[in-house]
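Participant: What follows is start-v1.cif; its format and atoms are mmCIF, C-alpha atoms and all ligand atoms.
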data_data
#
loop_
_atom_site.label_atom_id
_atom_site.label_comp_id
_atom_site.auth_asym_id
_atom_site.auth_seq_id
_atom_site.Cartn_x
_atom_site.Cartn_y
_atom_site.Cartn_z
CA MET A 1 -11.18 -31.86 -41.66
CA LYS A 2 -11.46 -29.76 -44.79
CA ARG A 3 -8.56 -27.30 -44.96
CA LEU A 4 -9.02 -23.95 -46.68
CA ARG A 5 -6.08 -22.92 -48.84
CA THR A 6 -5.73 -19.34 -47.74
CA ALA A 7 -3.73 -16.26 -48.73
CA ILE A 8 -3.35 -13.13 -46.64
CA ILE A 9 -3.01 -9.80 -48.42
CA GLY A 10 -1.27 -7.08 -46.40
CA LEU A 11 1.20 -7.98 -43.64
CA GLY A 12 0.87 -4.86 -41.52
CA ARG A 13 -0.56 -4.37 -38.04
CA VAL A 14 -3.75 -6.39 -38.43
CA GLY A 15 -2.54 -8.68 -41.25
CA TRP A 16 0.56 -9.80 -39.36
CA GLN A 17 -0.57 -9.51 -35.75
CA PHE A 18 -4.03 -10.99 -36.16
CA HIS A 19 -4.91 -12.69 -39.45
CA LEU A 20 -1.68 -14.52 -40.08
CA GLN A 21 -1.34 -15.74 -36.48
CA GLU A 22 -4.99 -16.81 -36.19
CA ALA A 23 -5.16 -18.53 -39.59
CA ALA A 24 -1.91 -20.37 -38.82
CA ARG A 25 -3.24 -21.42 -35.40
CA HIS A 26 -6.52 -22.87 -36.75
CA GLN A 27 -6.30 -26.40 -38.18
CA GLY A 28 -8.90 -25.59 -40.83
CA PHE A 29 -6.70 -23.06 -42.63
CA GLU A 30 -3.56 -23.66 -44.63
CA VAL A 31 -1.74 -20.35 -45.02
CA ALA A 32 -0.41 -21.06 -48.49
CA ALA A 33 0.64 -17.57 -49.53
CA VAL A 34 0.87 -13.92 -48.56
CA VAL A 35 1.00 -10.62 -50.42
CA ASP A 36 2.87 -7.48 -49.47
CA PRO A 37 4.83 -4.96 -51.54
CA LEU A 38 7.57 -4.99 -48.88
CA PRO A 39 10.02 -7.86 -49.57
CA GLU A 40 11.20 -8.03 -45.94
CA ARG A 41 7.62 -8.70 -44.78
CA ARG A 42 7.17 -11.45 -47.39
CA GLU A 43 10.45 -12.99 -46.26
CA GLU A 44 9.36 -12.83 -42.61
CA ALA A 45 6.16 -14.72 -43.50
CA ARG A 46 8.12 -17.34 -45.44
CA ALA A 47 10.58 -17.83 -42.58
CA LYS A 48 7.97 -17.98 -39.79
CA PHE A 49 4.96 -19.55 -41.52
CA GLY A 50 6.35 -21.20 -44.66
CA ALA A 51 3.96 -19.11 -46.77
CA TRP A 52 5.08 -18.10 -50.27
CA GLY A 53 5.12 -14.34 -50.82
CA TYR A 54 3.91 -12.26 -53.77
CA PRO A 55 4.40 -8.54 -54.34
CA ASP A 56 0.80 -7.95 -55.44
CA HIS A 57 -2.58 -9.70 -55.60
CA ARG A 58 -2.44 -10.21 -59.39
CA ALA A 59 0.73 -12.31 -59.13
CA LEU A 60 -0.86 -14.24 -56.24
CA LEU A 61 -4.09 -15.07 -58.06
CA ALA A 62 -2.27 -15.99 -61.28
CA ALA A 63 -0.02 -18.48 -59.48
CA GLU A 64 -2.08 -20.01 -56.65
CA ALA A 65 -5.28 -22.06 -56.48
CA LEU A 66 -6.94 -20.76 -53.32
CA ASP A 67 -10.20 -21.22 -51.41
CA LEU A 68 -9.98 -18.02 -49.41
CA VAL A 69 -8.33 -14.63 -49.66
CA VAL A 70 -8.03 -12.51 -46.50
CA ILE A 71 -7.74 -8.80 -47.29
CA ALA A 72 -5.82 -6.77 -44.70
CA SER A 73 -4.28 -4.16 -47.02
CA PRO A 74 -4.97 -0.41 -46.69
CA THR A 75 -8.70 0.24 -47.20
CA GLN A 76 -8.37 1.86 -50.63
CA PHE A 77 -7.25 -1.51 -52.13
CA HIS A 78 -10.03 -3.69 -50.67
CA ALA A 79 -12.49 -3.43 -53.57
CA GLU A 80 -9.99 -4.03 -56.37
CA GLN A 81 -8.46 -7.00 -54.53
CA ALA A 82 -11.81 -8.53 -53.58
CA LEU A 83 -13.13 -8.26 -57.14
CA ALA A 84 -10.01 -9.97 -58.48
CA ALA A 85 -10.32 -12.73 -55.85
CA PHE A 86 -13.97 -13.41 -56.75
CA GLU A 87 -13.05 -13.56 -60.44
CA ALA A 88 -10.37 -16.10 -59.58
CA GLY A 89 -12.98 -18.25 -57.80
CA CYS A 90 -12.02 -17.41 -54.19
CA ASP A 91 -14.11 -16.42 -51.19
CA VAL A 92 -13.08 -13.27 -49.31
CA PHE A 93 -12.68 -12.39 -45.64
CA CYS A 94 -12.16 -8.62 -45.70
CA ASP A 95 -11.00 -6.40 -42.91
CA LYS A 96 -13.10 -3.40 -41.94
CA PRO A 97 -14.24 -1.15 -43.45
CA LEU A 98 -15.23 -2.95 -46.64
CA ALA A 99 -14.15 0.08 -48.69
CA PRO A 100 -13.76 3.85 -48.41
CA SER A 101 -17.22 4.42 -49.97
CA LEU A 102 -20.64 2.78 -50.10
CA ALA A 103 -20.46 2.61 -53.92
CA GLU A 104 -17.28 0.52 -53.76
CA ALA A 105 -18.73 -1.69 -51.03
CA ASP A 106 -21.80 -2.27 -53.20
CA ARG A 107 -19.56 -3.27 -56.11
CA MET A 108 -17.86 -5.83 -53.85
CA ILE A 109 -21.18 -7.25 -52.64
CA ALA A 110 -22.57 -7.40 -56.19
CA ALA A 111 -19.40 -9.10 -57.47
CA ALA A 112 -19.57 -11.74 -54.73
CA GLN A 113 -23.17 -12.51 -55.73
CA GLN A 114 -22.36 -12.48 -59.45
CA HIS A 115 -19.54 -14.99 -58.99
CA GLY A 116 -21.40 -17.06 -56.38
CA ARG A 117 -18.70 -16.41 -53.79
CA LYS A 118 -18.87 -15.71 -50.05
CA LEU A 119 -17.90 -12.40 -48.46
CA THR A 120 -17.77 -11.43 -44.80
CA VAL A 121 -16.05 -8.67 -42.86
CA TYR A 122 -13.81 -8.78 -39.80
CA GLN A 123 -15.71 -6.71 -37.23
CA PRO A 124 -13.95 -7.78 -34.02
CA HIS A 125 -15.88 -5.52 -31.67
CA ARG A 126 -19.06 -7.53 -32.22
CA GLY A 127 -17.33 -10.50 -30.68
CA ARG A 128 -15.44 -8.71 -27.91
CA VAL A 129 -16.04 -10.02 -24.42
CA GLU A 130 -17.58 -6.72 -23.27
CA THR A 131 -20.13 -6.94 -26.09
CA VAL A 132 -21.00 -10.52 -25.15
CA ALA A 133 -21.38 -9.50 -21.48
CA LEU A 134 -23.54 -6.49 -22.35
CA GLN A 135 -25.85 -8.65 -24.44
CA ASP A 136 -26.31 -10.93 -21.42
CA ILE A 137 -27.16 -7.92 -19.21
CA LEU A 138 -29.66 -6.66 -21.78
CA ARG A 139 -31.22 -10.12 -22.14
CA ARG A 140 -31.81 -10.20 -18.38
CA GLY A 141 -33.92 -7.06 -18.79
CA LEU A 142 -32.37 -5.34 -15.76
CA LEU A 143 -32.18 -1.91 -17.41
CA GLY A 144 -35.70 -1.84 -18.85
CA ALA A 145 -35.94 -0.72 -22.45
CA PRO A 146 -32.56 0.76 -23.54
CA TYR A 147 -32.93 4.25 -25.02
CA LEU A 148 -29.34 5.55 -25.18
CA MET A 149 -26.01 3.85 -25.86
CA LYS A 150 -22.89 6.01 -25.57
CA ARG A 151 -19.54 4.78 -26.85
CA ALA A 152 -16.34 6.75 -26.58
CA GLU A 153 -12.70 6.22 -27.44
CA ALA A 154 -10.58 9.19 -26.47
CA ARG A 155 -6.85 9.84 -26.44
CA TYR A 156 -4.38 12.28 -27.94
CA VAL A 157 -2.53 11.11 -31.08
CA ARG A 158 -0.74 13.18 -33.70
CA ARG A 159 -1.71 10.67 -36.39
CA ASN A 160 1.05 10.28 -38.96
CA ASP A 161 0.39 7.11 -41.00
CA TRP A 162 -1.81 6.48 -44.07
CA GLN A 163 -4.89 6.56 -41.84
CA ALA A 164 -4.24 10.33 -41.51
CA PHE A 165 -5.09 10.89 -45.21
CA ARG A 166 -8.52 11.11 -46.78
CA ALA A 167 -7.11 10.09 -50.18
CA HIS A 168 -6.08 6.75 -48.66
CA GLY A 169 -9.51 6.06 -47.17
CA GLY A 170 -8.23 7.05 -43.72
CA GLY A 171 -9.84 9.13 -41.01
CA MET A 172 -11.35 8.01 -37.74
CA LEU A 173 -14.89 7.64 -39.09
CA ASN A 174 -13.76 4.88 -41.45
CA ASN A 175 -11.23 3.54 -39.00
CA TYR A 176 -12.76 3.39 -35.50
CA GLY A 177 -16.23 4.44 -36.66
CA ALA A 178 -16.39 1.16 -38.57
CA HIS A 179 -15.84 -0.60 -35.23
CA TYR A 180 -18.01 1.33 -32.81
CA ILE A 181 -20.93 2.26 -35.03
CA ASP A 182 -21.16 -1.34 -36.17
CA GLN A 183 -20.91 -2.56 -32.58
CA LEU A 184 -23.72 -0.25 -31.42
CA LEU A 185 -25.97 -1.11 -34.37
CA TYR A 186 -25.35 -4.78 -33.60
CA VAL A 187 -26.24 -4.43 -29.91
CA ALA A 188 -29.24 -2.20 -30.65
CA GLY A 189 -30.37 -4.76 -33.23
CA SER A 190 -32.08 -2.18 -35.40
CA PRO A 191 -31.11 -0.21 -38.53
CA ALA A 192 -30.28 3.49 -38.38
CA LYS A 193 -33.07 5.99 -39.06
CA ARG A 194 -31.74 9.51 -38.35
CA ILE A 195 -28.03 10.24 -38.61
CA ARG A 196 -26.18 13.40 -37.53
CA CYS A 197 -22.42 13.75 -37.51
CA VAL A 198 -19.64 16.31 -37.01
CA LEU A 199 -16.09 15.60 -38.18
CA ARG A 200 -13.02 17.65 -37.22
CA THR A 201 -9.28 17.42 -37.80
CA ILE A 202 -7.53 18.65 -34.63
CA ALA A 203 -4.33 16.83 -33.64
CA SER A 204 -3.72 14.70 -36.76
CA LEU A 205 -0.84 15.68 -39.02
CA GLY A 206 -2.88 14.69 -42.09
CA ASP A 207 -6.13 15.97 -43.59
CA ALA A 208 -8.51 13.24 -42.42
CA GLU A 209 -10.73 13.69 -39.37
CA ASP A 210 -9.49 12.61 -35.96
CA VAL A 211 -12.58 13.77 -34.05
CA VAL A 212 -15.93 12.15 -34.80
CA LYS A 213 -19.15 13.00 -33.02
CA ALA A 214 -22.11 11.01 -34.33
CA LEU A 215 -25.69 10.69 -33.09
CA ILE A 216 -27.70 7.94 -34.70
CA GLU A 217 -31.30 7.12 -33.91
CA THR A 218 -32.31 3.56 -34.72
CA GLU A 219 -35.67 2.57 -36.15
CA SER A 220 -36.41 1.04 -32.75
CA GLY A 221 -35.86 4.46 -31.13
CA VAL A 222 -32.48 3.92 -29.45
CA MET A 223 -30.01 6.83 -29.57
CA LEU A 224 -26.46 5.75 -30.44
CA ASP A 225 -24.01 8.41 -29.31
CA VAL A 226 -20.48 7.94 -30.63
CA ASP A 227 -17.38 9.92 -29.65
CA ILE A 228 -14.15 9.00 -31.37
CA ASN A 229 -11.74 11.61 -30.23
CA MET A 230 -8.02 11.44 -30.97
CA ALA A 231 -7.45 14.99 -29.69
CA ALA A 232 -8.49 14.43 -26.09
CA ALA A 233 -5.94 14.86 -23.31
CA GLN A 234 -8.13 12.91 -20.89
CA GLU A 235 -10.16 9.73 -21.15
CA MET A 236 -13.93 9.53 -21.56
CA SER A 237 -16.17 6.82 -20.15
CA PRO A 238 -15.87 4.12 -22.83
CA TRP A 239 -19.36 2.67 -22.84
CA GLN A 240 -22.64 3.44 -21.13
CA VAL A 241 -26.07 2.03 -21.79
CA LEU A 242 -29.10 3.79 -20.36
CA GLY A 243 -32.46 2.08 -20.03
CA ALA A 244 -35.82 3.13 -18.62
CA ARG A 245 -35.10 1.51 -15.23
CA GLY A 246 -31.34 1.43 -14.95
CA SER A 247 -28.01 1.91 -16.60
CA ALA A 248 -24.78 0.00 -17.22
CA THR A 249 -21.26 1.41 -17.34
CA LEU A 250 -18.20 -0.44 -18.61
CA ASP A 251 -15.38 -0.16 -16.07
CA LEU A 252 -12.30 -0.99 -18.12
CA GLY A 253 -9.96 -0.80 -15.09
CA ALA A 254 -12.00 -3.37 -13.18
CA ARG A 255 -12.78 -5.29 -16.40
CA ALA A 256 -16.47 -5.39 -15.52
CA TRP A 257 -19.84 -3.87 -16.33
CA ARG A 258 -21.34 -2.00 -13.36
CA VAL A 259 -25.13 -2.04 -13.41
CA ARG A 260 -27.52 0.11 -11.35
CA TYR A 261 -31.24 -0.56 -11.63
CA TYR A 262 -34.47 -0.93 -9.74
CA LEU A 263 -37.16 -3.57 -9.86
CA PRO A 264 -40.56 -2.09 -10.79
CA GLU A 265 -42.30 -4.05 -8.03
CA GLU A 266 -40.04 -2.43 -5.39
CA LEU A 267 -40.67 1.13 -6.54
CA PRO A 268 -42.77 3.17 -4.05
CA PRO A 269 -45.52 5.29 -5.62
CA GLN A 270 -44.70 8.86 -6.60
CA GLU A 271 -47.31 11.59 -6.76
CA LEU A 272 -47.52 13.96 -9.72
CA HIS A 273 -48.28 17.61 -8.83
CA GLU A 274 -49.79 19.78 -11.53
CA GLY A 275 -49.88 23.02 -9.50
CA LEU A 276 -47.55 25.91 -10.26
CA ALA A 277 -45.92 25.98 -6.80
CA ALA A 278 -43.40 23.18 -6.19
CA PRO A 279 -44.55 21.48 -2.94
CA GLY A 280 -42.38 22.37 0.07
CA ARG A 281 -40.10 24.46 -2.24
CA GLU A 282 -38.26 21.20 -2.84
CA TYR A 283 -36.07 20.69 -5.91
CA PRO A 284 -36.71 17.40 -7.67
CA ARG A 285 -35.03 14.42 -6.11
CA ASP A 286 -36.15 10.83 -6.00
CA PRO A 287 -34.52 9.43 -2.85
CA ALA A 288 -37.02 6.63 -2.45
CA ILE A 289 -35.82 4.65 -5.46
CA PRO A 290 -34.57 1.26 -4.18
CA TRP A 291 -31.46 1.06 -6.34
CA ARG A 292 -29.75 -2.28 -6.75
CA GLU A 293 -26.13 -2.55 -7.85
CA GLU A 294 -24.58 -5.50 -9.64
CA THR A 295 -21.20 -6.13 -11.20
CA PHE A 296 -20.70 -8.36 -14.23
CA PRO A 297 -16.99 -9.28 -14.52
CA LEU A 298 -15.82 -9.79 -18.10
CA ALA A 299 -13.88 -12.83 -16.85
CA ASN A 300 -17.24 -14.66 -16.67
CA TYR A 301 -17.72 -14.38 -20.44
CA ALA A 302 -15.87 -15.56 -23.53
CA GLY A 303 -15.25 -13.51 -26.67
CA VAL A 304 -15.97 -14.86 -30.13
CA ASP A 305 -13.27 -16.88 -31.92
CA PHE A 306 -13.39 -15.17 -35.31
CA TYR A 307 -11.37 -17.71 -37.25
CA GLU A 308 -13.56 -20.50 -35.90
CA GLU A 309 -16.61 -18.51 -37.08
CA CYS A 310 -14.87 -17.99 -40.43
CA TYR A 311 -14.21 -21.68 -40.77
CA ARG A 312 -17.85 -22.51 -40.08
CA PHE A 313 -18.96 -19.99 -42.70
CA PHE A 314 -16.44 -20.63 -45.46
CA ALA A 315 -15.84 -24.37 -45.00
CA LEU A 316 -18.99 -25.74 -43.40
CA GLY A 317 -21.64 -23.56 -45.02
CA GLU A 318 -23.00 -22.17 -41.73
CA PRO A 319 -24.35 -18.61 -41.53
CA PRO A 320 -21.68 -15.90 -41.12
CA PHE A 321 -21.06 -14.28 -37.73
CA VAL A 322 -21.13 -10.93 -39.56
CA PRO A 323 -23.81 -10.99 -42.28
CA ILE A 324 -22.90 -8.93 -45.33
CA GLU A 325 -26.22 -7.03 -45.02
CA ALA A 326 -25.00 -5.71 -41.64
CA SER A 327 -21.70 -4.60 -43.18
CA ARG A 328 -23.64 -2.90 -45.96
CA GLU A 329 -25.80 -1.10 -43.38
CA LEU A 330 -22.62 0.05 -41.63
CA MET A 331 -21.27 1.40 -44.94
CA ARG A 332 -24.57 3.22 -45.53
CA VAL A 333 -24.37 4.81 -42.07
CA LEU A 334 -20.71 5.84 -42.52
CA GLU A 335 -21.62 7.45 -45.85
CA ALA A 336 -24.58 9.28 -44.27
CA CYS A 337 -22.28 10.50 -41.45
CA ARG A 338 -19.84 11.89 -44.04
CA ALA A 339 -22.70 13.54 -45.96
CA ASP A 340 -24.18 15.11 -42.81
CA ALA A 341 -20.75 16.39 -41.70
CA GLY A 342 -20.38 18.09 -45.10
N1 LIG B 401 -10.31 -5.15 -37.58
C1 LIG B 401 -9.35 -4.54 -36.90
O1 LIG B 401 -9.26 -4.64 -35.69
C2 LIG B 401 -8.36 -3.72 -37.67
C3 LIG B 401 -7.20 -3.24 -37.05
C4 LIG B 401 -6.28 -2.52 -37.82
C5 LIG B 401 -6.53 -2.30 -39.15
N2 LIG B 401 -7.68 -2.77 -39.73
C6 LIG B 401 -7.95 -2.58 -41.16
O2 LIG B 401 -7.02 -3.40 -41.85
C7 LIG B 401 -6.52 -2.72 -42.99
C8 LIG B 401 -4.99 -2.58 -42.84
O3 LIG B 401 -4.71 -1.75 -41.76
P1 LIG B 401 -3.34 -1.86 -40.92
O4 LIG B 401 -3.51 -0.97 -39.75
O5 LIG B 401 -2.98 -3.27 -40.70
O6 LIG B 401 -2.33 -1.18 -41.96
P2 LIG B 401 -0.72 -1.18 -41.92
O7 LIG B 401 -0.27 0.13 -42.42
O8 LIG B 401 -0.22 -1.60 -40.57
O9 LIG B 401 -0.34 -2.34 -42.93
C9 LIG B 401 -0.65 -2.32 -44.28
C10 LIG B 401 0.15 -3.41 -44.95
O10 LIG B 401 -0.32 -3.53 -46.30
C11 LIG B 401 0.79 -3.46 -47.18
N3 LIG B 401 0.32 -2.90 -48.45
C12 LIG B 401 0.38 -1.61 -48.87
N4 LIG B 401 -0.16 -1.53 -50.10
C13 LIG B 401 -0.59 -2.78 -50.43
C14 LIG B 401 -1.22 -3.32 -51.57
N5 LIG B 401 -1.56 -2.56 -52.62
N6 LIG B 401 -1.50 -4.64 -51.57
C15 LIG B 401 -1.18 -5.43 -50.54
N7 LIG B 401 -0.58 -4.97 -49.43
C16 LIG B 401 -0.29 -3.64 -49.39
C17 LIG B 401 1.81 -2.60 -46.45
O11 LIG B 401 3.12 -2.84 -46.94
C18 LIG B 401 1.63 -3.08 -45.03
O12 LIG B 401 2.41 -4.23 -44.73
C19 LIG B 401 -7.27 -1.40 -43.07
O13 LIG B 401 -8.39 -1.56 -43.90
C20 LIG B 401 -7.73 -1.16 -41.64
O14 LIG B 401 -8.91 -0.39 -41.56
C21 LIG B 401 -8.57 -3.48 -39.01
#
Taking this structure as input, can you express it in the form of structure tokens?
Facilitator:
Amino acid sequence: MKRLRTAIIGLGRVGWQFHLQEAARHQGFEVAAVVDPLPERREEARAKFGAWGYPDHRALLAAEALDLVVIASPTQFHAEQALAAFEAGCDVFCDKPLAPSLAEADRMIAAAQQHGRKLTVYQPHRGRVETVALQDILRRGLLGAPYLMKRAEARYVRRNDWQAFRAHGGGMLNNYGAHYIDQLLYVAGSPAKRIRCVLRTIASLGDAEDVVKALIETESGVMLDVDINMAAAQEMSPWQVLGARGSATLDLGARAWRVRYYLPEELPPQELHEGLAAPGREYPRDPAIPWREETFPLANYAGVDFYEECYRFFALGEPPFVPIEASRELMRVLEACRADAG
């Protein structure tokens, strides 16, 4: 088995808790080196994974011959580090978002092409088990044509790390928006056409937004309604998909999608009245609809193994799980959200 000599840049939450563990677990990766400005984190990586530590990416690339560089540093450093990696002849697996701006993301994509290197982005929500389950429900056609997908993440956090600062590429549009907008575009399977967005800073201690309200209409006509709200004292329903004949709601407590729909062949006829007196003074109700209810437990599905997908892409030449064109579309939408919010 071909082993990819790999370095991980940034040993923070996602670098340490996800990338390092997953790369070390997969036979196809040799975690040769790590980068972090904090010496205690480099030492921790040496002690636990036997990976040599460097204080910055320049020292890493000057000293090591690598196949792959994984970038999990704060977002503002992604472009500079990716460009240096491409110049040094390495492929790049970058954490989301690619960069704080579309222009920087485009520079990264152009540099990958120019140097003939591969670039893909870690977008875990595409491979989450609830996404896989929803795609199965949509494939079965139970809901009819989907027209609205609502995604919400709501809690109350007085944000106090670098993600609280605009200057560091923080803010919840870049942070969680890069997850949920990408996830909805992926499920809808169509590029964004009309984009409206409001950004507010409510509970955060920094200057970057912690409330994001975005409404995106895809070219295929699906409305993507995104609430990322870090100033909400109560939860919101995390995910709902509405179709012409039914809807699906993610029940996180029960770890299942709950689906309510009808079959067109079971629908009794309904008369349309054009007169200007509502028959029988009745308010509109539709009690005759023969609703069916089904539950789709997430336990029946498997999420995507990202490092396995990475291995297939970087080592075996298979198509990427997250095509760079999709990451570019996400960056375009994030930029349009920022522009619309003003
Ligand atoms: N895909 C996901 O699920 C997910 C989850 C969390 C974060 N992220 C992304 O990963 C990146 C890192 O976020 P985090 O939450 O892990 O941050 P973090 O604050 O937990 O960790 C950042 C780490 O990078 C180090 N660092 C700082 N400056 C550096 C530099 N110039 N070069 C190399 N390392 C440097 C810090 O010392 C720290 O160890 C961000 O782009 C973020 O958006 C993605």
Participant: As a quick test: using all atoms listed in the file, which residues lie no more than 9 Å away from ligand LIG 401 (chain B)? Give them as a PyMOL selection string.
Facilitator: chain A and resi 8-18+34-39+41+55-57+71-78+81+94-100+121-125+161-163+169-170+174-176+178-179
Participant: Need the shell around Cys90 (chain A): protein/DNA/RNA residues with any atom at most 7 Å away, counting all atoms listed in the file. Skip same-chain ones fewer than 6 positions apart. Format as number ranges by chain?
Facilitator: A: 66-69, 117
Participant: Which value, in Å to one decimal, gives the distance between CA of Ser327 (chain A) and CA of Gly177 (chain A)?
Facilitator: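 One can read the CA of Ser327 (chain A) to CA of Gly177 (chain A) distance as 12.4 Å.
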Participant: Please provide the set of residues having any atom within 9 Å of Glu209 (chain A), restricted to all atoms listed in the file, with same-chain residues fewer than 5 positions apart removed, written as a list in words.
Facilitator: Ala164, Phe165, Arg166, Gly170, Gly171, Met172, Leu173, Leu199, Arg200, Thr201, Ile202 and Ser204 of chain A
Participant: Given only C-alpha atoms as the basis, pick out the residue of A:Val212, A:Ala277, A:Glu265, A:Ala154 nearest to Ala232 (chain A).
Facilitator: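 Nearest candidate to Ala232 (chain A) out of A:Val212, A:Ala277, A:Glu265, A:Ala154: A:Ala154.
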Participant: One number please: CA of Tyr180 (chain A) to CA of Thr249 (chain A), in Å, one decimal.
Facilitator: 15.8 Å
Participant: Would you list the contacts of Phe29 (chain A) as a PyMOL selection string, taking every protein, DNA or RNA residue within 9 Å and counting only C-alpha atoms, but skipping same-chain residues closer than 3 positions in sequence?
Facilitator: chain A and resi 2-6+23-26+32+307+311
Participant: Write the selection just made, keeping C-alpha atoms, as a PDB file, in the frame of the given file?
Facilitator:
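Output below, filename part_13.pdb:
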ATOM      1  CA  LYS A   2     -11.460 -29.760 -44.790  1.00  0.00           C
ATOM      2  CA  ARG A   3      -8.560 -27.300 -44.960  1.00  0.00           C
ATOM      3  CA  LEU A   4      -9.020 -23.950 -46.680  1.00  0.00           C
ATOM      4  CA  ARG A   5      -6.080 -22.920 -48.840  1.00  0.00           C
ATOM      5  CA  THR A   6      -5.730 -19.340 -47.740  1.00  0.00           C
ATOM      6  CA  ALA A  23      -5.160 -18.530 -39.590  1.00  0.00           C
ATOM      7  CA  ALA A  24      -1.910 -20.370 -38.820  1.00  0.00           C
ATOM      8  CA  ARG A  25      -3.240 -21.420 -35.400  1.00  0.00           C
ATOM      9  CA  HIS A  26      -6.520 -22.870 -36.750  1.00  0.00           C
ATOM     10  CA  ALA A  32      -0.410 -21.060 -48.490  1.00  0.00           C
ATOM     11  CA  TYR A 307     -11.370 -17.710 -37.250  1.00  0.00           C
ATOM     12  CA  TYR A 311     -14.210 -21.680 -40.770  1.00  0.00           C
TER      13      TYR A 311
END
Participant: How many Å lie between CA of Trp239 (chain A) and CA of Lys150 (chain A), rounded to one decimal?
Facilitator: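 Computing the Euclidean distance for CA of Trp239 (chain A) and CA of Lys150 (chain A) yields 5.6 Å.
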Participant: Quick one: residues within 7 Å of region 141-146 of chain A, all atoms listed in the file counted, chain neighbours fewer than 4 positions away excluded, as a list in words?
Facilitator: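 In the requested format, the answer is Ile137, Val222, Val241, Leu242, Gly243, Ala244, Arg245, Gly246, Ser247 and Tyr261 of chain A.
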Participant: Find the residues near Glu294 (chain A): any atom within 7 Å, counting all atoms listed in the file, skip ones fewer than 3 places away on the same chain, and give them as a ChimeraX atom specification.
Facilitator: /A:258-260
Participant: With only C-alpha atoms as the atoms that count, which of A:Ala103, A:Val70, A:Ala63, A:Ala248 lies nearest to Val31 (chain A)?
Facilitator: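 Checking each candidate against Val31 (chain A), we get A:Val70 as the closest.
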Participant: Calculated over only C-alpha atoms, which of the candidates A:Leu330, A:Glu104, A:Ala288, A:Ala208 has the smallest distance to Ser190 (chain A)?
Facilitator: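 Under the stated criterion, the closest residue is A:Leu330.
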Participant: With all atoms listed in the file as the atoms that count, which of A:Cys337, A:Ala7, A:Ala233, A:Leu276 lies nearest to Trp52 (chain A)?
Facilitator: A:Ala7
